[in-house]
Number of protein chains: 4
Amino acid sequence: MSNTLGDKIKVTIFGQSHSEAIGCVIDGFPAGFKPDMEKVRKFMSRRAPGKGEHTTARKESDAPRVVSGLADGATCGAPICAMIENGDVRSGDYGEIARKPRPGHADYTAFVKYGGSNDVRGGGQFSGRLTAPLCFAGALCMQYLETKGIRIAARASETAGISDAPLDIEKLFAVAEKPFPAIDGGAAEKMLAAIASAKEAGDSVGGVIECVVIGLPAGIGEPMFGGVENEIARAVFGVPAVKGIEFGAGFSAARMKGSENNDPFEYKDGAVVCGTNNAGGILGGITNGMPVVFRCAIKPTPSVALPQKTVDVETGENATLEIKGRHDPCIVPRAVPAIEAAAAIAILNLIP
Amino acid sequence: MSNTLGDKIKVTIFGQSHSEAIGCVIDGFPAGFKPDMEKVRKFMSRRAPGKGEHTTARKESDAPRVVSGLADGATCGAPICAMIENGDVRSGDYGEIARKPRPGHADYTAFVKYGGSNDVRGGGQFSGRLTAPLCFAGALCMQYLETKGIRIAARASETAGISDAPLDIEKLFAVAEKPFPAIDGGAAEKMLAAIASAKEAGDSVGGVIECVVIGLPAGIGEPMFGGVENEIARAVFGVPAVKGIEFGAGFSAARMKGSENNDPFEYKDGAVVCGTNNAGGILGGITNGMPVVFRCAIKPTPSVALPQKTVDVETGENATLEIKGRHDPCIVPRAVPAIEAAAAIAILNLIP
Amino acid sequence: MSNTLGDKIKVTIFGQSHSEAIGCVIDGFPAGFKPDMEKVRKFMSRRAPGKGEHTTARKESDAPRVVSGLADGATCGAPICAMIENGDVRSGDYGEIARKPRPGHADYTAFVKYGGSNDVRGGGQFSGRLTAPLCFAGALCMQYLETKGIRIAARASETAGISDAPLDIEKLFAVAEKPFPAIDGGAAEKMLAAIASAKEAGDSVGGVIECVVIGLPAGIGEPMFGGVENEIARAVFGVPAVKGIEFGAGFSAARMKGSENNDPFEYKDGAVVCGTNNAGGILGGITNGMPVVFRCAIKPTPSVALPQKTVDVETGENATLEIKGRHDPCIVPRAVPAIEAAAAIAILNLIP
Amino acid sequence: MSNTLGDKIKVTIFGQSHSEAIGCVIDGFPAGFKPDMEKVRKFMSRRAPGKGEHTTARKESDAPRVVSGLADGATCGAPICAMIENGDVRSGDYGEIARKPRPGHADYTAFVKYGGSNDVRGGGQFSGRLTAPLCFAGALCMQYLETKGIRIAARASETAGISDAPLDIEKLFAVAEKPFPAIDGGAAEKMLAAIASAKEAGDSVGGVIECVVIGLPAGIGEPMFGGVENEIARAVFGVPAVKGIEFGAGFSAARMKGSENNDPFEYKDGAVVCGTNNAGGILGGITNGMPVVFRCAIKPTPSVALPQKTVDVETGENATLEIKGRHDPCIVPRAVPAIEAAAAIAILNLIP
């Protein structure tokens with residue numbers, strides 16, 4: 001009902017944190033495209049856990065098995081289904097959640113919505129683990145978009161209140177190769193230190209992810225409810241922990257004068273460009289040929305080790321909860337490729 | 001393709017600034033509901049121009065004529081079509097736009113998208129005037145939601161950098177009766193002064209609109225791409241000039257610790273509530289029973305009287321543009337009911 | 001919810017038999033197309049009543065007023081809304097229906113579905129009158145398809161059990177100019193006689209409409225649930241009184257051997273063609289380049305003058321109903337352009 | 001793009017005849033339902049090959065592995081994904097098809113649509129094998145519908161021109177237990193004999209499947225393009241080989257008088273019923289409380305052993321094709337559960 005994104009390209013995500021497998025089906029992907037699976041795996045490894053201090057210790061193979069949609073290694077027009085088996089699952093860690101919903105998580109809302117039938121193990125279908133198949137789908141879309149000259153990159157523009165350097169598109173596209181997705185190495189170190197410190201305190205931190213799409217021609221997007229902003233927002237709010245999104249100058253534009261915020265048009269080498277990009281490449285929902293730029297707010301991981309107040313839905317009394325198990329003190333770095341993936345699906349869906 | 005919002009309730013908006021008429025079709029609205037048309041008109045008058053110094057001088061009757069969907073004054077299950085004739089149209093004002101796209105407007109992007117066939121008069125289908133039928137549709141949805149105990153209100157929480165008082169839900173719901181939609185009368189005066197000053201300078205200002213939905217039970221919304229955040233964002237980016245949206249603590253959450261940002265659950269009078277509402281009433285895309293709170297960034301009106309740099313697409317040379325005609329120096333107050341309307345449609349679409 | 005057809009091209013039909021107006025909104029229509037409005041009116045006149053003995057005496061102007069979507073007479077990318085005012089309405093004729101549902105009509109099912117709030121006047125939203133805006137939308141789609149070399153025509157291949165001559169595509173495309181839409185003049189006379197005789201007896205007759213789409217290239221249509229058959233069927237069952245549809249040999253294919261039914265491929269003038277067309281131009285839901293051929297069953301007009309058994313939902317007792325007023329003894333000829341229109345929308349929606 | 005069926009319940013089918021696996025994802029299925037997997041397997045075995053003389057010799061395990069959507073054996077609100085591994089695959093049989101499209105199959109249309117990238121092995125995504133996951137999805141929907149008192153059954157009402165006994169609903173629901181899905185044992189024997197005879201001749205036969213839905217309350221279905229007929233037709237044309245569908249009297253209604261075809265309403269035990277059911281339980285697209293009855297035309301299996309004329313797309317010359325391998329001389333019996341499944345999905349999608 002809602003695990004499907006897109007109209008022309010339909011991506012359906014399935015699975016729970018502790019179901020037998022998770023995966024996705026991509027319907028409507030162009031036929032005759034040979035995905036570079038090694039590149040897909042490399043992309044997915046950017047969101048995989050277990051890379052460093054700041055990520056959960058859970059080992060996930062995350063190796064997607066493409067069970068349909070290919071013939072001789074090329075897309076054949078049939079829906080592409082990729083499966084990721086859920087190997088390393090310790091369900092025992094999560095027993096208490098069924099009774100005591102974790103603050104900041106979907107435990108309580110899912111409990112109400114599904115009348116208590118929701119899968120509580122590891123957050124069920126609301127787990128960040130579901131961004132693995134999202135990243136698979138996004139990786140394929142990105143590879144295809146690259147053949148059209150469209151490229152997407154994102155970074156942690158802010159973590160724990162620490163800002164990265166101002167946006168530099170060339171450096172941004174080098175971030176994927178770095179151990180931490182920030183442009184400025186010094187800022188990255190401070191961010192990592194803040195994450196480590198939060199972890200030590202049994203706490204967590206959030207941040208802001210900035211994403212840029214380059215190479216999009218002018219004229220992409222539909223008016224009103226089908227604009228680039230509508231479609232990217234709809235996709236990106238599908239990534240757990242996103243609580244806000246802004247395009248171009250975004251909330252800062254609200255404090256500008258019109259004469260400052262308007263991006264003047266000019267001819268450059270025969271092409272219409274803007275000297276500034278406060279619009280984030282989008283006017284009236286439609287691309288103007290400038291880079292599409294957006295940022296999204298990532299809340300701090302709700303799973304903190306500190307004791308928290310909650311309720312016990314069985315006894316109907318207030319309760320205290322201590323979350324055990326393996327949790328990222330900050331999901332920002334792992335969410336970076338997930339945001340790129342969501343944007344890629346939204347963009348491919350809009351390309352004629 | 002994109003002028004339709006919703007699945008269960010489908011709202012289709014049609015019209016251009018200077019077409020013969022504008023309007024909307026609402027399909028799937030519950031049958032047997034008697035809309036209070038006086039209340040609809042009152043709601044729509046909140047977005048109508050010509051109320052004061054800060055709004056455009058164009059006279060619009062904005063009186064919707066409901067041509068279908070009613071029998072004996074009650075909804076009958078057939079799609080509701082409402083028409084607003086475009087009476088006071090001075091097309092002569094807009095001639096130059098066909099050649100010189102206005103910075104910050106959709107003139108250029110529409111020109112590219114539609115190969116020069118776009119309606120340039122008054123911004124065509126991208127005109128803020130299209131929020132009139134949106135408000136009609138939203139007014140109907142709000143009235144119906146009220147019968148379920150669900151109420152929606154918004155305000156200018158910030159204009160030209162001037163902040164309104166902190167959110168007070170009781171006062172928020174009184175804002176619709178005020179001449180300017182702010183809680184704090186003193187702040188409203190300062191905002192109006194800033195708007196007047198911008199107007200005098202041939203410039204414009206933007207702001208932030210905060211919107212609250214109360215009375216929503218827990219358990220509303222679908223996971224992943226069909227969550228309350230996804231659906232509200234998709235609707236709200238359909239209102240021209242919106243460049244960002246955040247829910248609950250939003251971008252501030254990105255700077256909080258998990259232990260601060262998590263809203264602890266507790267029992268109050270037998271119901272599960274949260275002491276804080278940093279989540280803005282939404283966890284995992286699903287309501288938790290707390291008020292849904294979101295804010296959106298409204299950019300300053302792109303139509304400013306000051307001369308602006310642009311291009312002349314006929315000559316292929318850089319050019320200067322002076323926009324004449326009637327324009328709001330700030331659309332924030334008039335956008336407030338449009339945001340409420342967009343939220344109302346999104347919410348009604350999610351209610352089972 | 002259901003008055004909208006299509007994904008790429010979305011056509012929304014609104015109105016009831018006796019609402020102030022009826023009409024349609026077409027979203028996603030290609031920009032830059034100049035519809036020939038005289039041709040549209042001519043197309044619509046084929047379904048208009050009052051042309052002869054076999055049609056209802058109700059006078060409908062059916063003159064569509066295009067209130068949006070055009071600029072300088074060409075489509076501008078904005079949704080096209082066309083309105084038809086409901087002038088000649090005699091509501092008094094229909095009072096009894098609220099209590100005594102007419103057999104064969106949607107009175108009872110609408111009564112149950114909408115809890116008694118349905119518009120009973122003239123059949124409300126279920127009236128055949130709603131095919132007028134469908135024909136408007138279809139006429140536009142057909143004109144556009146013609147620019148791509150795609151043409152659509154239909155005929156009454158059977159009326160009251162009387163068959164027209166076998167399909168002859170050249171003659172089929174001349175049928176629109178005839179007073180009765182059959183290829184064979186002699187058959188047409190017999191059909192008209194059968195209709196007149198049914199009218200005299202206070203009864204009605206049905207028939208079969210055969211529709212052909214030529215000029216469609218091979219490779220159009222999506223597999224499984226998005227095939228040409230799925231999409232045409234979905235559109236055509238939106239025309240009241242359609243109770244069946246078959247493609248190519250259809251139900252006859254069920255009685256053939258595979259060796260007979262398979263259409264052998266061969267090269268003709270360098271193109272792949274089939275010697276026969278039992279598949280009706282569709283294999284696996286996708287066009288093979290041969291004409292798309294389908295037939296639909298049109299039930300006899302349910303409004304007959306003869307007394308009929310029904311129930312009185314107010315008293316809860318069995319009752320007898322005598323339908324007065326103006327009704328077609330056979331809707332087949334007027335339904336012919338409606339079927340063409342439905343097919344045109346479905347086809348335009350499938351063209352890349 | 002098209003492998004997804006439904007709005008409220010979305011069923012996505014994936015896989016090709018010879019891909020690693022085939023399967024489906026069901027999104028929006030009600031939470032808290034414990035499917036009886038033994039019953040699912042039994043249902044699926046009705047379409048499985050290898051049961052008798054009249055079915056292909058290919059061995060399929062068809063055992064679905066549910067990899068997501070369940071927790072403790074009950075649906076948990078997350079999408080249900082079921083996988084069927086493609087074990088017994090002999091790709092070597094199909095090599096020639098890449099050059100010489102089989103008449104009556106989608107080889108040629110897929111070749112054109114996908115620019116030669118389509119999966120030719122075993123018909124790729126157009127293979128009847130894809131009805132296995134459709135049956136899985138349908139089985140789940142049927143089980144759920146049964147808890148609402150809604151039951152679905154189908155039969156081969158005609159095979160190779162041989163008719164089964166007239167519809168008897170009680171006997172119809174016993175057909176699933178029989179070796180051949182016909183009411184009348186004598187007719188079944190004749191049908192089997194005709195199938196055997198066609199096989200011997202290297203040919204194939206088709207038939208008609210009649211399907212009935214009982215227990216549906218009045219008032220189900222949406223008007224115009226969302227009616228029960230539209231939705232069932234859209235689903236059923238997703239089953240390969242369906243070339244026509246009719247509801248109630250269907251094409252026979254086209255030859256009736258209105259006074260004959262109209263189903264008179266009457267009260268029976270306090271309920272509104274119809275003495276006849278020419279409408280097939282549907283008026284205006286909405287159920288009237290009578291059984292929903294429809295029939296679909298199944299063309300003869302296009303894979304026949306007899307030599308056939310076709311083209312060689314590599315040489316650009318006419319050619320002759322002899323299809324080898326394992327093929328059903330008649331798919332009617334195996335298509336019976338697939339039609340039930342398609343109907344079940346369509347119906348569950350319409351239930352409020």
# chains A, B, ... in the order shown; residues from 1 in each chain; ligands from 1
$ select_by_dssp --residues "stretch 8-42 of chain B" --states "helix (DSSP H, G or I)" --output "ChimeraX atom specification"
/B:37-42
$ write_last_selection --atoms "all heavy atoms" --output "PDB file, in the first residue's frame"
ATOM      1  N   MET B  37     -21.663  26.009   3.139  1.00  0.00           N
ATOM      2  CA  MET B  37     -21.022  26.798   2.083  1.00  0.00           C
ATOM      3  C   MET B  37     -20.612  28.184   2.591  1.00  0.00           C
ATOM      4  O   MET B  37     -19.647  28.759   2.075  1.00  0.00           O
ATOM      5  CB  MET B  37     -21.936  26.913   0.860  1.00  0.00           C
ATOM      6  CG  MET B  37     -21.981  25.636   0.037  1.00  0.00           C
ATOM      7  SD  MET B  37     -20.333  25.142  -0.596  1.00  0.00           S
ATOM      8  CE  MET B  37     -20.699  23.489  -1.211  1.00  0.00           C
ATOM      9  N   GLU B  38     -21.316  28.697   3.568  1.00  0.00           N
ATOM     10  CA  GLU B  38     -20.941  29.993   4.127  1.00  0.00           C
ATOM     11  C   GLU B  38     -19.566  29.863   4.792  1.00  0.00           C
ATOM     12  O   GLU B  38     -18.699  30.736   4.669  1.00  0.00           O
ATOM     13  CB  GLU B  38     -21.995  30.452   5.145  1.00  0.00           C
ATOM     14  CG  GLU B  38     -21.775  31.844   5.696  1.00  0.00           C
ATOM     15  CD  GLU B  38     -21.425  32.864   4.610  1.00  0.00           C
ATOM     16  OE1 GLU B  38     -22.058  32.815   3.532  1.00  0.00           O
ATOM     17  OE2 GLU B  38     -20.486  33.681   4.842  1.00  0.00           O
ATOM     18  N   LYS B  39     -19.395  28.734   5.474  1.00  0.00           N
ATOM     19  CA  LYS B  39     -18.114  28.468   6.143  1.00  0.00           C
ATOM     20  C   LYS B  39     -16.998  28.276   5.104  1.00  0.00           C
ATOM     21  O   LYS B  39     -15.850  28.692   5.318  1.00  0.00           O
ATOM     22  CB  LYS B  39     -18.269  27.195   6.979  1.00  0.00           C
ATOM     23  CG  LYS B  39     -17.467  27.169   8.261  1.00  0.00           C
ATOM     24  CD  LYS B  39     -17.900  25.986   9.109  1.00  0.00           C
ATOM     25  CE  LYS B  39     -16.758  25.478   9.966  1.00  0.00           C
ATOM     26  NZ  LYS B  39     -17.127  24.251  10.685  1.00  0.00           N
ATOM     27  N   VAL B  40     -17.328  27.630   4.001  1.00  0.00           N
ATOM     28  CA  VAL B  40     -16.347  27.462   2.920  1.00  0.00           C
ATOM     29  C   VAL B  40     -15.907  28.829   2.413  1.00  0.00           C
ATOM     30  O   VAL B  40     -14.711  29.109   2.266  1.00  0.00           O
ATOM     31  CB  VAL B  40     -16.941  26.622   1.758  1.00  0.00           C
ATOM     32  CG1 VAL B  40     -16.033  26.663   0.535  1.00  0.00           C
ATOM     33  CG2 VAL B  40     -17.186  25.188   2.194  1.00  0.00           C
ATOM     34  N   ARG B  41     -16.875  29.694   2.138  1.00  0.00           N
ATOM     35  CA  ARG B  41     -16.540  31.025   1.627  1.00  0.00           C
ATOM     36  C   ARG B  41     -15.689  31.800   2.618  1.00  0.00           C
ATOM     37  O   ARG B  41     -14.760  32.497   2.249  1.00  0.00           O
ATOM     38  CB  ARG B  41     -17.823  31.807   1.312  1.00  0.00           C
ATOM     39  CG  ARG B  41     -18.318  31.588  -0.116  1.00  0.00           C
ATOM     40  CD  ARG B  41     -19.501  32.483  -0.443  1.00  0.00           C
ATOM     41  NE  ARG B  41     -20.702  32.065   0.288  1.00  0.00           N
ATOM     42  CZ  ARG B  41     -21.554  31.121  -0.153  1.00  0.00           C
ATOM     43  NH1 ARG B  41     -21.357  30.544  -1.304  1.00  0.00           N
ATOM     44  NH2 ARG B  41     -22.603  30.787   0.568  1.00  0.00           N
ATOM     45  N   LYS B  42     -16.020  31.647   3.895  1.00  0.00           N
ATOM     46  CA  LYS B  42     -15.246  32.347   4.932  1.00  0.00           C
ATOM     47  C   LYS B  42     -13.802  31.843   4.940  1.00  0.00           C
ATOM     48  O   LYS B  42     -12.860  32.626   5.046  1.00  0.00           O
ATOM     49  CB  LYS B  42     -15.904  32.101   6.300  1.00  0.00           C
ATOM     50  CG  LYS B  42     -15.597  33.174   7.324  1.00  0.00           C
ATOM     51  CD  LYS B  42     -16.374  32.952   8.607  1.00  0.00           C
ATOM     52  CE  LYS B  42     -15.682  33.678   9.751  1.00  0.00           C
ATOM     53  NZ  LYS B  42     -16.252  33.275  11.056  1.00  0.00           N
TER      54      LYS B  42
END
$ interface_residues --of "chain B" --to "chain D" --cutoff "9 Å" --atoms "only C-alpha atoms" --output "list in words"
Asp7, Lys8, Ala78, Pro223 and Pro352 of chain B
$ atom_distance --atom1 "atom CA of D:Pro79" --atom2 "atom CA of A:Arg234"
19.0 Å
$ closest_residue --among "A:Ala196, A:Ile331, A:Cys274, A:Ala182" --to "A:Val242" --atoms "only C-alpha atoms"
A:Ile331
$ residues_around --residues "C:Ala154" --least-positions-apart "6" --cutoff "8 Å" --atoms "only C-alpha atoms" --output "ChimeraX atom specification"
/C:172-173,175,181,209-212,336-337,339-340
$ atom_distance --atom1 "atom CA of C:Lys199" --atom2 "atom CA of D:Asn261"
15.6 Å
$ residues_around --residues "B:Arg102" --least-positions-apart "5" --cutoff "7 Å" --atoms "only C-alpha atoms" --output "number ranges by chain"
B: 97, 107, 310
$ residues_around --residues "B:Val66" --least-positions-apart "2" --cutoff "8 Å" --atoms "only C-alpha atoms" --output "list in words"
Pro64, Ser68, Gly69, Leu70, Ile80, Cys81, Ala82 and Met83 of chain B; Glu20 of chain C
$ write_last_selection --atoms "N, CA, C and O atoms" --output "short mmCIF file (atom, residue, chain, number, x, y, z; two decimals), in the first residue's frame"
data_model
loop_
_atom_site.label_atom_id
_atom_site.label_comp_id
_atom_site.auth_asym_id
_atom_site.auth_seq_id
_atom_site.Cartn_x
_atom_site.Cartn_y
_atom_site.Cartn_z
N PRO B 64 -16.90 30.18 -5.45
CA PRO B 64 -16.95 28.90 -6.15
C PRO B 64 -18.40 28.52 -6.48
O PRO B 64 -19.29 28.70 -5.66
N SER B 68 -21.33 20.07 -9.60
CA SER B 68 -21.67 18.65 -9.52
C SER B 68 -21.32 18.10 -8.16
O SER B 68 -20.59 18.73 -7.39
N GLY B 69 -21.84 16.93 -7.87
CA GLY B 69 -21.47 16.24 -6.64
C GLY B 69 -22.44 16.42 -5.49
O GLY B 69 -22.30 15.77 -4.45
N LEU B 70 -23.39 17.32 -5.66
CA LEU B 70 -24.36 17.55 -4.59
C LEU B 70 -25.77 17.18 -5.08
O LEU B 70 -26.08 17.30 -6.26
N ILE B 80 -17.25 15.98 -6.85
CA ILE B 80 -17.66 17.37 -6.60
C ILE B 80 -16.79 18.28 -7.47
O ILE B 80 -15.57 18.28 -7.33
N CYS B 81 -17.42 19.00 -8.37
CA CYS B 81 -16.65 19.96 -9.17
C CYS B 81 -17.06 21.37 -8.78
O CYS B 81 -18.24 21.70 -8.73
N ALA B 82 -16.06 22.18 -8.45
CA ALA B 82 -16.31 23.59 -8.13
C ALA B 82 -15.55 24.45 -9.13
O ALA B 82 -14.39 24.18 -9.44
N MET B 83 -16.22 25.48 -9.63
CA MET B 83 -15.67 26.37 -10.63
C MET B 83 -15.56 27.79 -10.07
O MET B 83 -16.46 28.25 -9.39
N GLU C 20 -25.79 20.79 -12.09
CA GLU C 20 -25.74 22.04 -12.87
C GLU C 20 -24.96 21.85 -14.17
O GLU C 20 -25.31 22.40 -15.21
#
$ residues_around --residues "stretch 112-120 of chain C" --least-positions-apart "5" --cutoff "7 Å" --atoms "only C-alpha atoms" --output "PyMOL selection string"
(chain B and resi 31-32+71+76-77) or (chain C and resi 97-98+107) or (chain D and resi 218-220)
$ write_last_selection --atoms "N, CA, C and O atoms" --output "short mmCIF file (atom, residue, chain, number, x, y, z; two decimals), in the first residue's frame"
data_model
loop_
_atom_site.label_atom_id
_atom_site.label_comp_id
_atom_site.auth_asym_id
_atom_site.auth_seq_id
_atom_site.Cartn_x
_atom_site.Cartn_y
_atom_site.Cartn_z
N ALA B 31 -20.16 10.29 0.91
CA ALA B 31 -21.51 10.71 0.54
C ALA B 31 -22.31 11.06 1.79
O ALA B 31 -22.02 10.60 2.89
N GLY B 32 -23.32 11.90 1.60
CA GLY B 32 -24.23 12.21 2.69
C GLY B 32 -23.76 13.32 3.61
O GLY B 32 -24.29 13.49 4.71
N ALA B 71 -26.58 16.72 -4.16
CA ALA B 71 -28.00 16.53 -4.41
C ALA B 71 -28.70 16.98 -3.14
O ALA B 71 -28.35 16.51 -2.04
N CYS B 76 -23.34 13.40 -2.81
CA CYS B 76 -24.13 12.25 -3.27
C CYS B 76 -23.25 11.11 -3.76
O CYS B 76 -23.76 10.14 -4.32
N GLY B 77 -21.94 11.22 -3.56
CA GLY B 77 -21.05 10.15 -4.01
C GLY B 77 -20.42 10.45 -5.35
O GLY B 77 -19.39 9.87 -5.69
N ILE C 97 -38.28 7.01 -8.42
CA ILE C 97 -37.09 6.14 -8.41
C ILE C 97 -36.44 6.07 -7.04
O ILE C 97 -35.84 5.05 -6.66
N ALA C 98 -36.56 7.15 -6.28
CA ALA C 98 -35.95 7.17 -4.96
C ALA C 98 -36.47 6.02 -4.12
O ALA C 98 -35.76 5.46 -3.29
N ASP C 107 -29.84 2.29 -9.65
CA ASP C 107 -30.56 2.96 -8.56
C ASP C 107 -30.38 2.23 -7.23
O ASP C 107 -30.08 2.84 -6.20
N ALA D 218 -24.30 -6.12 -1.19
CA ALA D 218 -24.62 -5.07 -2.15
C ALA D 218 -23.83 -3.82 -1.78
O ALA D 218 -23.50 -3.59 -0.62
N GLY D 219 -23.50 -3.03 -2.80
CA GLY D 219 -22.85 -1.74 -2.54
C GLY D 219 -21.34 -1.74 -2.70
O GLY D 219 -20.69 -0.75 -2.42
N ILE D 220 -20.77 -2.85 -3.20
CA ILE D 220 -19.31 -2.93 -3.39
C ILE D 220 -18.96 -2.51 -4.83
O ILE D 220 -19.60 -2.96 -5.77
#
$ select_by_dssp --residues "stretch 19-52 of chain D" --states "strand (DSSP E)" --output "VMD selection string"
chain D and resid 21 to 27
$ residues_around --residues "C:Ala338" --least-positions-apart "3" --cutoff "8 Å" --atoms "only C-alpha atoms" --output "mmCIF file with N, CA, C and O atoms, in the first residue's frame"
data_model
loop_
_atom_site.group_PDB
_atom_site.id
_atom_site.type_symbol
_atom_site.label_atom_id
_atom_site.label_comp_id
_atom_site.auth_asym_id
_atom_site.auth_seq_id
_atom_site.Cartn_x
_atom_site.Cartn_y
_atom_site.Cartn_z
ATOM 1 N N ARG C 47 -22.918 11.093 -30.573
ATOM 2 C CA ARG C 47 -23.569 10.491 -29.414
ATOM 3 C C ARG C 47 -24.746 11.319 -28.903
ATOM 4 O O ARG C 47 -25.498 10.873 -28.031
ATOM 5 N N THR C 131 -21.418 10.103 -20.755
ATOM 6 C CA THR C 131 -20.554 9.774 -21.892
ATOM 7 C C THR C 131 -20.291 11.004 -22.766
ATOM 8 O O THR C 131 -19.406 10.958 -23.621
ATOM 9 N N ALA C 132 -21.025 12.095 -22.536
ATOM 10 C CA ALA C 132 -20.742 13.317 -23.316
ATOM 11 C C ALA C 132 -19.337 13.847 -22.996
ATOM 12 O O ALA C 132 -18.517 14.037 -23.902
ATOM 13 N N LEU C 134 -16.975 12.162 -21.663
ATOM 14 C CA LEU C 134 -16.056 11.106 -22.093
ATOM 15 C C LEU C 134 -15.752 11.269 -23.576
ATOM 16 O O LEU C 134 -14.591 11.140 -24.001
ATOM 17 N N CYS C 135 -16.787 11.581 -24.359
ATOM 18 C CA CYS C 135 -16.573 11.765 -25.797
ATOM 19 C C CYS C 135 -15.733 13.008 -26.067
ATOM 20 O O CYS C 135 -14.901 13.004 -26.990
ATOM 21 N N GLY C 138 -12.255 11.883 -25.335
ATOM 22 C CA GLY C 138 -11.846 10.942 -26.370
ATOM 23 C C GLY C 138 -11.583 11.625 -27.700
ATOM 24 O O GLY C 138 -10.645 11.252 -28.422
ATOM 25 N N VAL C 239 -18.190 2.667 -19.741
ATOM 26 C CA VAL C 239 -19.350 3.093 -20.528
ATOM 27 C C VAL C 239 -20.556 2.289 -20.048
ATOM 28 O O VAL C 239 -20.526 1.058 -20.074
ATOM 29 N N ARG C 334 -25.621 5.407 -30.225
ATOM 30 C CA ARG C 334 -25.025 6.511 -29.482
ATOM 31 C C ARG C 334 -23.801 6.058 -28.683
ATOM 32 O O ARG C 334 -22.940 6.873 -28.330
ATOM 33 N N ALA C 335 -23.746 4.755 -28.354
ATOM 34 C CA ALA C 335 -22.600 4.262 -27.590
ATOM 35 C C ALA C 335 -21.362 4.062 -28.466
ATOM 36 O O ALA C 335 -20.241 3.987 -27.965
ATOM 37 N N ALA C 341 -14.151 6.652 -27.903
ATOM 38 C CA ALA C 341 -13.533 7.608 -26.976
ATOM 39 C C ALA C 341 -12.778 6.894 -25.859
ATOM 40 O O ALA C 341 -11.641 7.241 -25.520
ATOM 41 N N ALA C 342 -13.429 5.879 -25.285
ATOM 42 C CA ALA C 342 -12.781 5.129 -24.206
ATOM 43 C C ALA C 342 -11.502 4.475 -24.716
ATOM 44 O O ALA C 342 -10.446 4.502 -24.048
#
$ atom_distance --atom1 "atom CA of C:Lys100" --atom2 "atom CA of D:Met256"
23.3 Å
$ closest_residue --among "C:Phe225, C:Phe294, C:Phe265, C:Tyr144" --to "C:Phe33" --atoms "only C-alpha atoms"
C:Tyr144
